[in-house]
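Asker: The file below is upload-v7.tsv, TSV, C-alpha atoms:
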```
chain	number	residue	atom	x	y	z
G	297	MET	CA	4.35	0.45	-1.91
G	298	THR	CA	3.84	3.29	0.53
G	299	HIS	CA	3.02	1.23	3.61
G	300	GLU	CA	6.07	-0.95	2.99
G	301	ILE	CA	8.58	1.87	2.91
G	302	LYS	CA	6.99	3.39	6.00
G	303	GLN	CA	7.60	0.14	7.84
G	304	LEU	CA	11.20	-0.07	6.61
G	305	ILE	CA	12.01	3.47	7.71
G	306	HIS	CA	10.58	3.04	11.21
G	307	VAL	CA	11.99	-0.44	11.81
G	308	GLY	CA	15.37	0.75	10.51
G	309	ALA	CA	15.29	3.65	12.96
G	310	ALA	CA	14.54	1.25	15.83
G	311	TRP	CA	17.41	-1.07	14.82
G	312	GLN	CA	19.68	1.93	14.57
G	313	LYS	CA	18.86	3.03	18.13
G	314	SER	CA	19.71	-0.44	19.39
G	315	GLY	CA	23.16	-0.20	17.76
G	316	LYS	CA	22.58	-2.56	14.85
G	317	LYS	CA	24.07	-1.94	11.43
G	318	THR	CA	21.46	-1.90	8.68
G	319	VAL	CA	21.51	-2.53	4.94
G	320	LEU	CA	18.78	-1.58	2.48
G	321	ALA	CA	18.23	-3.82	-0.55
G	322	THR	CA	16.43	-2.31	-3.56
G	323	VAL	CA	15.53	-4.01	-6.83
G	324	VAL	CA	16.55	-1.36	-9.36
G	325	ASP	CA	16.16	-3.22	-12.65
G	326	LEU	CA	14.76	-6.42	-14.12
G	327	GLU	CA	15.36	-8.31	-17.33
G	328	GLY	CA	12.48	-10.68	-18.00
G	329	SER	CA	9.89	-11.51	-15.34
G	330	SER	CA	10.00	-11.91	-11.59
G	331	TYR	CA	7.74	-12.38	-8.56
G	332	ARG	CA	7.94	-8.65	-7.83
G	333	ARG	CA	9.05	-5.71	-9.91
G	334	PRO	CA	11.69	-2.95	-9.57
G	335	GLY	CA	11.19	-0.63	-6.63
G	336	VAL	CA	10.57	-3.33	-4.06
G	337	ARG	CA	12.80	-3.13	-0.98
G	338	MET	CA	13.84	-5.04	2.11
G	339	LEU	CA	15.92	-4.18	5.17
G	340	LEU	CA	18.51	-6.34	6.94
G	341	ASN	CA	20.65	-5.92	10.04
G	342	ASP	CA	23.92	-7.44	11.19
G	343	SER	CA	22.10	-9.66	13.69
G	344	GLY	CA	20.47	-11.60	10.88
G	345	GLU	CA	17.04	-9.99	11.15
G	346	ALA	CA	15.16	-8.88	8.02
G	347	ILE	CA	11.94	-7.13	7.18
G	348	GLY	CA	10.26	-6.89	3.81
G	349	ALA	CA	10.91	-9.11	0.80
G	350	VAL	CA	11.93	-8.67	-2.82
G	351	SER	CA	10.61	-12.03	-4.03
G	352	GLY	CA	8.51	-14.96	-2.95
G	353	GLY	CA	11.46	-16.17	-0.86
G	354	CYS	CA	14.07	-17.43	-3.31
G	355	VAL	CA	16.29	-14.31	-3.43
G	356	GLU	CA	16.42	-13.24	0.20
G	357	LYS	CA	19.05	-15.76	1.38
G	358	GLU	CA	21.53	-14.59	-1.23
G	359	ILE	CA	20.83	-10.95	-0.37
G	360	LEU	CA	21.65	-11.72	3.26
G	361	GLN	CA	24.90	-13.36	2.19
G	362	GLN	CA	25.89	-10.57	-0.21
G	363	SER	CA	25.07	-7.86	2.35
G	364	GLN	CA	27.83	-9.06	4.71
G	365	SER	CA	30.46	-7.10	2.77
G	366	VAL	CA	28.34	-3.94	3.07
G	367	PHE	CA	28.16	-4.42	6.83
G	368	ARG	CA	31.96	-4.74	6.93
G	369	THR	CA	32.98	-1.96	4.53
G	370	GLY	CA	30.03	0.43	4.58
G	371	LYS	CA	30.22	0.61	0.76
G	372	ALA	CA	27.23	0.16	-1.53
G	373	LYS	CA	27.32	-2.65	-4.07
G	374	ILE	CA	25.26	-4.08	-6.91
G	375	MET	CA	24.39	-7.75	-7.00
G	376	THR	CA	22.49	-9.74	-9.59
G	377	TYR	CA	20.24	-12.75	-9.19
G	378	ASP	CA	19.51	-14.87	-12.23
G	379	GLY	CA	16.33	-16.83	-11.59
G	380	ARG	CA	16.42	-18.41	-15.03
G	381	PHE	CA	18.97	-20.99	-13.93
G	382	ARG	CA	17.80	-21.42	-10.34
G	383	VAL	CA	14.04	-21.34	-9.80
G	384	GLY	CA	12.63	-21.22	-13.30
G	385	CYS	CA	11.56	-17.56	-13.12
G	386	ASP	CA	12.48	-15.96	-16.42
G	387	GLY	CA	14.18	-12.95	-14.88
G	388	LEU	CA	17.51	-11.35	-14.01
G	389	LEU	CA	17.31	-9.02	-11.00
G	390	TYR	CA	19.68	-6.10	-10.33
G	391	ILE	CA	19.72	-5.28	-6.62
G	392	LEU	CA	21.45	-2.36	-4.89
G	393	LEU	CA	22.71	-3.04	-1.36
G	394	GLU	CA	23.53	0.12	0.60
G	395	PRO	CA	24.07	1.17	4.22
G	396	PHE	CA	20.87	2.60	5.72
G	397	HIS	CA	20.59	5.41	8.26
G	398	SER	CA	17.38	7.11	9.37
G	399	SER	CA	17.95	10.56	10.86
G	400	GLU	CA	15.48	12.37	13.12
G	401	LYS	CA	14.92	14.97	10.40
G	402	LEU	CA	14.12	12.22	7.89
G	403	LEU	CA	11.65	10.60	10.30
G	404	GLU	CA	9.92	13.89	11.05
G	405	ALA	CA	9.66	14.84	7.37
G	406	PHE	CA	8.45	11.38	6.36
G	407	ASP	CA	5.79	11.22	9.06
G	408	ALA	CA	4.55	14.70	8.12
G	409	VAL	CA	4.21	13.77	4.44
G	410	TYR	CA	2.57	10.46	5.33
G	411	ARG	CA	0.11	12.06	7.75
G	412	THR	CA	-0.94	14.83	5.35
G	413	ARG	CA	-1.37	12.34	2.48
G	414	LYS	CA	1.19	13.85	0.12
G	415	SER	CA	3.02	11.95	-2.60
G	416	PHE	CA	6.80	11.64	-2.42
G	417	GLU	CA	9.66	10.22	-4.47
G	418	ALA	CA	12.59	7.87	-4.07
G	419	LYS	CA	15.58	8.06	-6.41
G	420	THR	CA	18.11	5.24	-6.46
G	421	PHE	CA	21.42	5.75	-8.30
G	422	TYR	CA	23.37	2.69	-9.42
G	423	TYR	CA	25.67	1.09	-11.97
G	424	PRO	CA	24.50	-2.16	-13.59
G	425	ASP	CA	27.87	-3.89	-13.26
G	426	PRO	CA	28.01	-6.12	-10.16
G	427	GLY	CA	30.33	-5.06	-7.36
G	428	GLU	CA	31.18	-1.95	-5.34
G	429	HIS	CA	31.01	1.47	-7.01
G	430	ASP	CA	31.29	5.02	-5.74
G	431	GLY	CA	28.29	7.26	-6.31
G	432	MET	CA	25.57	4.69	-5.63
G	433	GLY	CA	22.77	5.25	-3.15
G	434	SER	CA	19.18	6.34	-2.57
G	435	LEU	CA	17.41	9.61	-1.84
G	436	LEU	CA	13.95	10.21	-0.43
G	437	ILE	CA	12.46	13.49	-1.68
G	438	LEU	CA	9.93	14.71	0.87
G	439	ASP	CA	8.18	18.04	0.29
G	440	GLY	CA	11.01	19.03	-2.06
G	441	VAL	CA	13.80	18.19	0.39
G	442	SER	CA	16.22	15.35	-0.42
G	443	PHE	CA	17.28	12.96	2.33
G	444	PRO	CA	20.07	10.42	1.60
G	445	LEU	CA	19.41	7.01	3.13
G	446	ASP	CA	23.18	6.52	3.39
G	447	PRO	CA	24.80	9.60	5.02
G	448	SER	CA	27.97	9.12	2.95
G	449	PHE	CA	26.08	9.21	-0.35
G	450	GLN	CA	26.06	12.43	-2.36
G	451	SER	CA	24.14	12.44	-5.62
G	452	GLY	CA	25.35	14.20	-8.74
G	453	GLN	CA	29.03	13.34	-8.29
G	454	ALA	CA	29.14	10.24	-10.50
G	455	GLU	CA	29.08	10.12	-14.29
G	456	ASP	CA	26.97	7.80	-16.43
G	457	VAL	CA	25.10	6.56	-13.38
G	458	SER	CA	21.64	5.04	-13.86
G	459	CYS	CA	18.71	6.29	-11.78
G	460	TYR	CA	15.57	4.41	-10.80
G	461	THR	CA	12.81	6.84	-9.79
G	462	GLN	CA	9.75	5.76	-7.88
G	463	THR	CA	6.73	7.87	-6.93
G	464	TYR	CA	4.84	6.89	-3.80
G	465	PRO	CA	1.20	7.99	-3.62
G	466	PRO	CA	-0.56	8.54	-0.29
G	467	VAL	CA	-1.09	5.23	1.49
G	468	PHE	CA	-4.28	3.53	0.32
G	469	GLN	CA	-7.10	3.79	2.82
G	470	LEU	CA	-10.38	1.97	3.38
G	471	TYR	CA	-13.41	3.50	5.06
G	472	ILE	CA	-15.81	0.89	6.42
G	473	PHE	CA	-19.25	2.26	7.25
G	474	GLY	CA	-20.61	-0.34	9.64
G	475	ALA	CA	-19.57	-2.12	12.81
G	476	GLU	CA	-20.92	-5.66	12.60
G	477	HIS	CA	-19.06	-8.98	12.49
G	478	ASP	CA	-18.42	-8.86	8.74
G	479	ALA	CA	-16.90	-5.38	9.08
G	480	VAL	CA	-14.40	-6.91	11.51
G	481	LYS	CA	-13.41	-9.54	8.93
G	482	LEU	CA	-13.06	-6.94	6.16
G	483	CYS	CA	-10.96	-4.74	8.44
G	484	LYS	CA	-8.64	-7.60	9.37
G	485	SER	CA	-8.15	-8.72	5.76
G	486	ALA	CA	-7.57	-5.19	4.45
G	487	HIS	CA	-4.95	-4.64	7.14
G	488	GLN	CA	-2.95	-7.52	5.65
G	489	LEU	CA	-2.74	-5.47	2.43
G	490	GLY	CA	-1.13	-2.58	4.32
G	491	TRP	CA	-4.14	-0.28	3.99
G	492	GLU	CA	-5.03	2.37	6.56
G	493	ILE	CA	-8.52	1.55	7.83
G	494	THR	CA	-11.12	3.85	9.34
G	495	VAL	CA	-14.26	2.28	10.77
G	496	VAL	CA	-17.27	4.59	10.80
G	497	ALA	CA	-19.87	3.45	13.32
G	498	SER	CA	-23.12	5.21	14.10
G	499	PRO	CA	-23.29	6.93	17.51
G	500	ASP	CA	-25.59	4.21	18.86
G	501	GLU	CA	-22.94	1.49	18.36
G	502	ALA	CA	-21.31	0.35	21.59
G	503	LYS	CA	-18.00	-0.68	20.03
G	504	SER	CA	-14.38	0.27	20.69
G	505	ILE	CA	-11.46	0.20	18.28
G	506	ASP	CA	-10.22	-2.99	19.98
G	507	TYR	CA	-13.13	-4.79	18.33
G	508	PHE	CA	-11.58	-4.11	14.90
G	509	PRO	CA	-8.09	-5.66	14.57
G	510	GLY	CA	-5.98	-3.63	12.15
G	511	ALA	CA	-8.10	-0.47	12.25
G	512	SER	CA	-6.24	2.84	12.50
G	513	ARG	CA	-9.20	4.63	14.00
G	514	LEU	CA	-12.86	4.30	14.91
G	515	ILE	CA	-15.12	7.33	14.56
G	516	SER	CA	-18.81	7.80	15.37
G	517	PRO	CA	-19.99	11.05	13.76
G	518	SER	CA	-23.62	11.97	13.30
G	519	PHE	CA	-24.88	11.67	9.73
G	520	ASP	CA	-24.70	15.46	9.31
G	521	ASN	CA	-21.10	15.65	10.50
G	522	ILE	CA	-19.36	13.04	8.34
G	523	ASP	CA	-16.15	14.55	6.98
G	524	THR	CA	-15.51	13.43	3.39
G	525	SER	CA	-12.56	15.75	2.73
G	526	LEU	CA	-10.01	12.91	3.03
G	527	LEU	CA	-11.81	10.58	0.63
G	528	ASP	CA	-9.42	10.93	-2.30
G	529	LYS	CA	-8.47	8.72	-5.25
G	530	GLN	CA	-6.44	6.57	-2.86
G	531	THR	CA	-9.56	5.64	-0.90
G	532	ALA	CA	-12.13	2.85	-1.01
G	533	VAL	CA	-15.47	3.13	0.79
G	534	VAL	CA	-17.72	0.20	1.68
G	535	LEU	CA	-21.21	0.65	3.14
G	536	MET	CA	-22.09	-2.37	5.27
G	537	SER	CA	-24.13	-1.19	8.26
G	538	HIS	CA	-26.89	-3.80	7.76
G	539	SER	CA	-29.38	-0.97	8.20
G	540	LEU	CA	-31.19	0.36	5.15
G	541	HIS	CA	-31.81	3.70	6.87
G	542	LYS	CA	-28.16	4.11	7.90
G	543	ASP	CA	-26.83	3.18	4.48
G	544	VAL	CA	-29.17	5.73	2.86
G	545	GLN	CA	-27.92	8.42	5.26
G	546	TYR	CA	-24.31	7.46	4.64
G	547	LEU	CA	-24.88	7.62	0.89
G	548	ILE	CA	-26.37	11.10	1.26
G	549	ALA	CA	-23.29	12.21	3.22
G	550	LEU	CA	-21.04	10.79	0.47
G	551	LYS	CA	-22.88	12.26	-2.53
G	552	ASP	CA	-20.12	14.78	-3.32
G	553	ALA	CA	-17.22	12.43	-2.57
G	554	LYS	CA	-15.08	10.90	-5.31
G	555	PRO	CA	-13.29	7.88	-3.86
G	556	ALA	CA	-11.54	5.33	-6.05
G	557	TYR	CA	-14.16	2.75	-5.07
G	558	LEU	CA	-17.62	2.95	-3.49
G	559	GLY	CA	-19.23	-0.37	-2.59
G	560	LEU	CA	-22.56	-1.33	-1.09
G	561	LEU	CA	-23.03	-4.66	0.67
G	562	GLY	CA	-26.15	-6.69	0.01
G	563	PRO	CA	-28.25	-8.06	-2.85
G	564	GLY	CA	-29.42	-6.14	-5.89
G	565	HIS	CA	-32.96	-5.57	-4.66
G	566	ARG	CA	-31.61	-3.94	-1.48
G	567	ARG	CA	-29.39	-1.69	-3.59
G	568	GLU	CA	-32.44	-0.56	-5.58
G	569	ARG	CA	-34.36	0.28	-2.41
G	570	ILE	CA	-31.44	2.29	-1.07
G	571	LEU	CA	-30.99	4.17	-4.34
G	572	SER	CA	-34.73	4.89	-4.52
G	573	GLU	CA	-34.67	6.38	-1.02
G	574	PHE	CA	-31.46	8.24	-1.79
G	575	MET	CA	-32.98	9.87	-4.90
G	576	ASN	CA	-35.95	11.07	-2.84
G	577	TYR	CA	-33.47	13.07	-0.74
G	578	CYS	CA	-31.01	13.93	-3.51
G	579	PRO	CA	-32.87	14.14	-6.83
G	580	ASP	CA	-30.06	16.20	-8.35
G	581	ALA	CA	-27.34	13.65	-7.63
G	582	SER	CA	-24.95	13.36	-10.55
G	583	PRO	CA	-25.10	10.32	-12.83
G	584	GLU	CA	-21.34	9.90	-12.27
G	585	PHE	CA	-21.93	9.39	-8.56
G	586	LEU	CA	-24.55	6.72	-9.16
G	587	GLU	CA	-22.45	4.97	-11.79
G	588	GLN	CA	-19.48	4.62	-9.44
G	589	LEU	CA	-21.51	2.58	-6.94
G	590	HIS	CA	-20.52	-1.09	-6.87
G	591	GLY	CA	-23.48	-2.95	-5.51
G	592	PRO	CA	-23.60	-5.73	-4.64
G	593	ALA	CA	-19.99	-5.19	-3.59
G	594	GLY	CA	-17.51	-7.91	-4.51
G	595	ILE	CA	-16.78	-10.31	-7.35
G	596	ASN	CA	-18.41	-13.66	-7.90
G	597	ILE	CA	-16.19	-16.28	-6.27
G	598	GLY	CA	-18.99	-18.15	-4.49
G	599	ALA	CA	-18.25	-16.44	-1.18
G	600	GLU	CA	-20.48	-17.42	1.75
G	601	SER	CA	-18.78	-16.68	5.08
G	602	ALA	CA	-17.86	-13.20	6.29
G	603	SER	CA	-14.18	-13.94	5.69
G	604	GLU	CA	-14.86	-15.10	2.12
G	605	ILE	CA	-17.04	-12.07	1.43
G	606	ALA	CA	-14.17	-9.87	2.61
G	607	VAL	CA	-11.88	-11.54	0.06
G	608	SER	CA	-14.50	-10.97	-2.65
G	609	ILE	CA	-14.82	-7.27	-1.82
G	610	LEU	CA	-11.07	-6.68	-1.59
G	611	ALA	CA	-10.55	-8.47	-4.90
G	612	GLU	CA	-13.04	-6.15	-6.58
G	613	ILE	CA	-11.42	-3.08	-5.04
G	614	LEU	CA	-8.01	-4.15	-6.34
G	615	SER	CA	-9.41	-4.89	-9.81
G	616	VAL	CA	-10.96	-1.41	-9.96
G	617	LEU	CA	-7.75	0.26	-8.76
G	618	ARG	CA	-5.60	-1.60	-11.28
G	619	GLY	CA	-8.09	-1.33	-14.14
G	620	GLN	CA	-8.35	-5.10	-14.48
G	621	THR	CA	-11.22	-7.42	-15.34
G	622	PRO	CA	-11.20	-10.36	-12.91
G	623	MET	CA	-10.32	-13.63	-14.62
G	624	ALA	CA	-8.38	-16.83	-14.04
G	625	LEU	CA	-4.68	-16.22	-14.76
G	626	ARG	CA	-4.51	-19.39	-16.81
G	627	GLU	CA	-6.86	-17.69	-19.28
G	628	LYS	CA	-4.70	-14.57	-19.57
G	629	THR	CA	-2.35	-14.23	-22.49
G	630	GLY	CA	0.96	-12.45	-22.05
G	631	PRO	CA	2.76	-11.67	-18.78
G	632	ILE	CA	1.02	-11.89	-15.40
G	633	HIS	CA	1.93	-8.31	-14.51
G	634	GLY	CA	0.52	-5.62	-16.76
```
Let me see the structure of the file written as C-alpha cells.

Answerer:
Amino acid sequence: MTHEIKQLIHVGAAWQKSGKKTVLATVVDLEGSSYRRPGVRMLLNDSGEAIGAVSGGCVEKEILQQSQSVFRTGKAKIMTYDGRFRVGCDGLLYILLEPFHSSEKLLEAFDAVYRTRKSFEAKTFYYPDPGEHDGMGSLLILDGVSFPLDPSFQSGQAEDVSCYTQTYPPVFQLYIFGAEHDAVKLCKSAHQLGWEITVVASPDEAKSIDYFPGASRLISPSFDNIDTSLLDKQTAVVLMSHSLHKDVQYLIALKDAKPAYLGLLGPGHRRERILSEFMNYCPDASPEFLEQLHGPAGINIGAESASEIAVSILAEILSVLRGQTPMALREKTGPIHG
C-alpha cells in the first residue's frame, strides 16, 4: 500500500544516515493463502529494529534471522516460509531479502510523485529457488525513471528471472467536512489506516490542527472557495458538520466532484431535508451525483459512540472501495481475500 512504502523509504533513509545497514523484505509470490498477499514489504536494520510487517506476526522472526546473511554479504537472497506446517495457514511464502539504500534523488523523486498524487510502480526481480542469486533486486519507477533500491542491482542482466510488478495508486485520502468531537474520532481512526486526512472547518470554527490527531491539514475556506480539484477516485468525503445549512452548502460545493465515496452523517429524514434544500439551489444536479451519496453514512453494526460510528463509516468506505457487500466472514464461501 502506498502509505506503507512511503514510510519504509523515509525510515530507511533515516537509518542509513545513522550508519545502520538495512534490508528490505518483499513477499514476491504465494502458494495457497496467507495473512497478507504478495507485494507487502518490511524493513530491518542490523541493530534489530524493524518497521512494517508481512504477516500477522508469525513470519517476521524468521525474516530477521535469515536477513543476517544479507547484512554480512550484501547479497540478495530468496527465502521461503511454509505456514502449512507451522501455524496452520495454508500458504507457502516466497520472500526476497535485499540490501536497501535510499539516495537523495530517490527521495526527491518519490516525494514529488507522492505530493502530486501520481501513480508509480515497483518491479521486483527474483528466482524462486531459495538462496543467493545474482540479478535479484527491486526497482521503483517514478515518473518514468527507474531507481534501484540496492545500488549494486542492475536489471536486465539475468536470464529466466521472474518479475513481480506492483502499481501504487495515489495515497488514499479522506476529507472530513466538520470539526466536532465525532470528526476527531473519525480522523484518528482513519489515520490508523494510513490515509491522508484533510479536515474542512467553516471559517467560524475556532479549532487548530492540534485538535485533530492524525490530520495532515486543516483548512477553513468559505463555501464559495472550496477547491474540489484534488477529490479523485482515491478520495472519500464525509459531511458531518452537524449543521443542516453548512452541509447543504458543502454539498453544493461538491456537486461536480466525483470522489470514490461521499457520505452524509445523520438519520434518513435529515438526509431528505438536505437533499430537498440542495435541489432548490441545484435543480440540474445529475442523478449520478445524487446516487453516489451514502446517507446515513456507515454500515449497521449497532454503533452508538463517536468511536463506534467512526468504525461504521470507515467499514462502509472500505466496502465501497473494494466492491464488497458487508457480511460476516463465517458466511462467506471461498477464500477470505477476493

Asker: Using all atoms listed in the file - which residues lie no farther than 10 Å from the point (-9.3, -7.2, 3.6) in the file's frame? Write them as a PyMOL selection string.

Answerer: chain G and resi 470+479-491+493+510+603-611+613

Asker: How many Å lie between atom CA of G:Ser365 and atom CA of G:Leu402, rounded to one decimal?

Answerer: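 Atom-to-atom, atom CA of G:Ser365 to atom CA of G:Leu402, that is 25.8 Å.
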
Asker: Report as AutoDock Vina command-line options the centre and the edge lengths, in Å to one decimal, of the axis-aligned box holding every listed atom of stretch 351-360 of chain G, padded by 3 Å on each side.

Answerer:
```
--center_x 15.1 --center_y -14.2 --center_z -0.4 --size_x 19.1 --size_y 12.5 --size_z 13.3
```

Asker: Find, counting only C-alpha atoms, the residue in G:Gln545, G:Thr494, G:Ser451, G:Ser537 that gets nearest to G:Phe519.

Answerer: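 That would be G:Gln545, the residue with the smallest distance to G:Phe519.
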
Asker: Counting all atoms listed in the file, which residues come within 12 Å of (19.2, 8.9, 0.7), with the point read in the file's coordinates, and could you list them as an MDAnalysis selection string?

Answerer: chainID G and resid 305 320 394:399 402 417:421 431:438 441:451

Asker: Please dump the current selection as a short mmCIF file (atom, residue, chain, number, x, y, z; two decimals), keeping the file's coordinate frame; keep C-alpha atoms.

Answerer:
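again_21.cif, freshly written:
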```cif
data_model
loop_
_atom_site.label_atom_id
_atom_site.label_comp_id
_atom_site.auth_asym_id
_atom_site.auth_seq_id
_atom_site.Cartn_x
_atom_site.Cartn_y
_atom_site.Cartn_z
CA ILE G 305 12.01 3.47 7.71
CA LEU G 320 18.78 -1.58 2.48
CA GLU G 394 23.53 0.12 0.60
CA PRO G 395 24.07 1.17 4.22
CA PHE G 396 20.87 2.60 5.72
CA HIS G 397 20.59 5.41 8.26
CA SER G 398 17.38 7.11 9.37
CA SER G 399 17.95 10.56 10.86
CA LEU G 402 14.12 12.22 7.89
CA GLU G 417 9.66 10.22 -4.47
CA ALA G 418 12.59 7.87 -4.07
CA LYS G 419 15.58 8.06 -6.41
CA THR G 420 18.11 5.24 -6.46
CA PHE G 421 21.42 5.75 -8.30
CA GLY G 431 28.29 7.26 -6.31
CA MET G 432 25.57 4.69 -5.63
CA GLY G 433 22.77 5.25 -3.15
CA SER G 434 19.18 6.34 -2.57
CA LEU G 435 17.41 9.61 -1.84
CA LEU G 436 13.95 10.21 -0.43
CA ILE G 437 12.46 13.49 -1.68
CA LEU G 438 9.93 14.71 0.87
CA VAL G 441 13.80 18.19 0.39
CA SER G 442 16.22 15.35 -0.42
CA PHE G 443 17.28 12.96 2.33
CA PRO G 444 20.07 10.42 1.60
CA LEU G 445 19.41 7.01 3.13
CA ASP G 446 23.18 6.52 3.39
CA PRO G 447 24.80 9.60 5.02
CA SER G 448 27.97 9.12 2.95
CA PHE G 449 26.08 9.21 -0.35
CA GLN G 450 26.06 12.43 -2.36
CA SER G 451 24.14 12.44 -5.62
#
```

Asker: If you measure from atom CA of G:Pro424 to atom CA of G:Glu358, what distance in Å do you get, rounded to one decimal?

Answerer: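 Straight-line distance from atom CA of G:Pro424 to atom CA of G:Glu358 works out to 17.8 Å.
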
Asker: Which residues of stretch 449-554 of chain G come within 8 Å of stretch 573-586 of chain G, and for each one, what is the closest pair of atoms and their distance in Å to one decimal, counting all atoms listed in the file, sorted by chain and residue number, as CSV?

Answerer:
```
residue,atom,partner,partner_atom,distance
G:Val544,CA,G:Phe574,CA,5.8
G:Gln545,CA,G:Phe574,CA,7.9
G:Leu547,CA,G:Phe574,CA,7.1
G:Ile548,CA,G:Phe574,CA,6.6
G:Lys551,CA,G:Phe585,CA,6.7
G:Asp552,CA,G:Phe585,CA,7.7
G:Lys554,CA,G:Phe585,CA,7.7
```

Asker: What is the atom CA of G:His541 to atom CA of G:Ile597 distance in Å?

Answerer: 28.6 Å
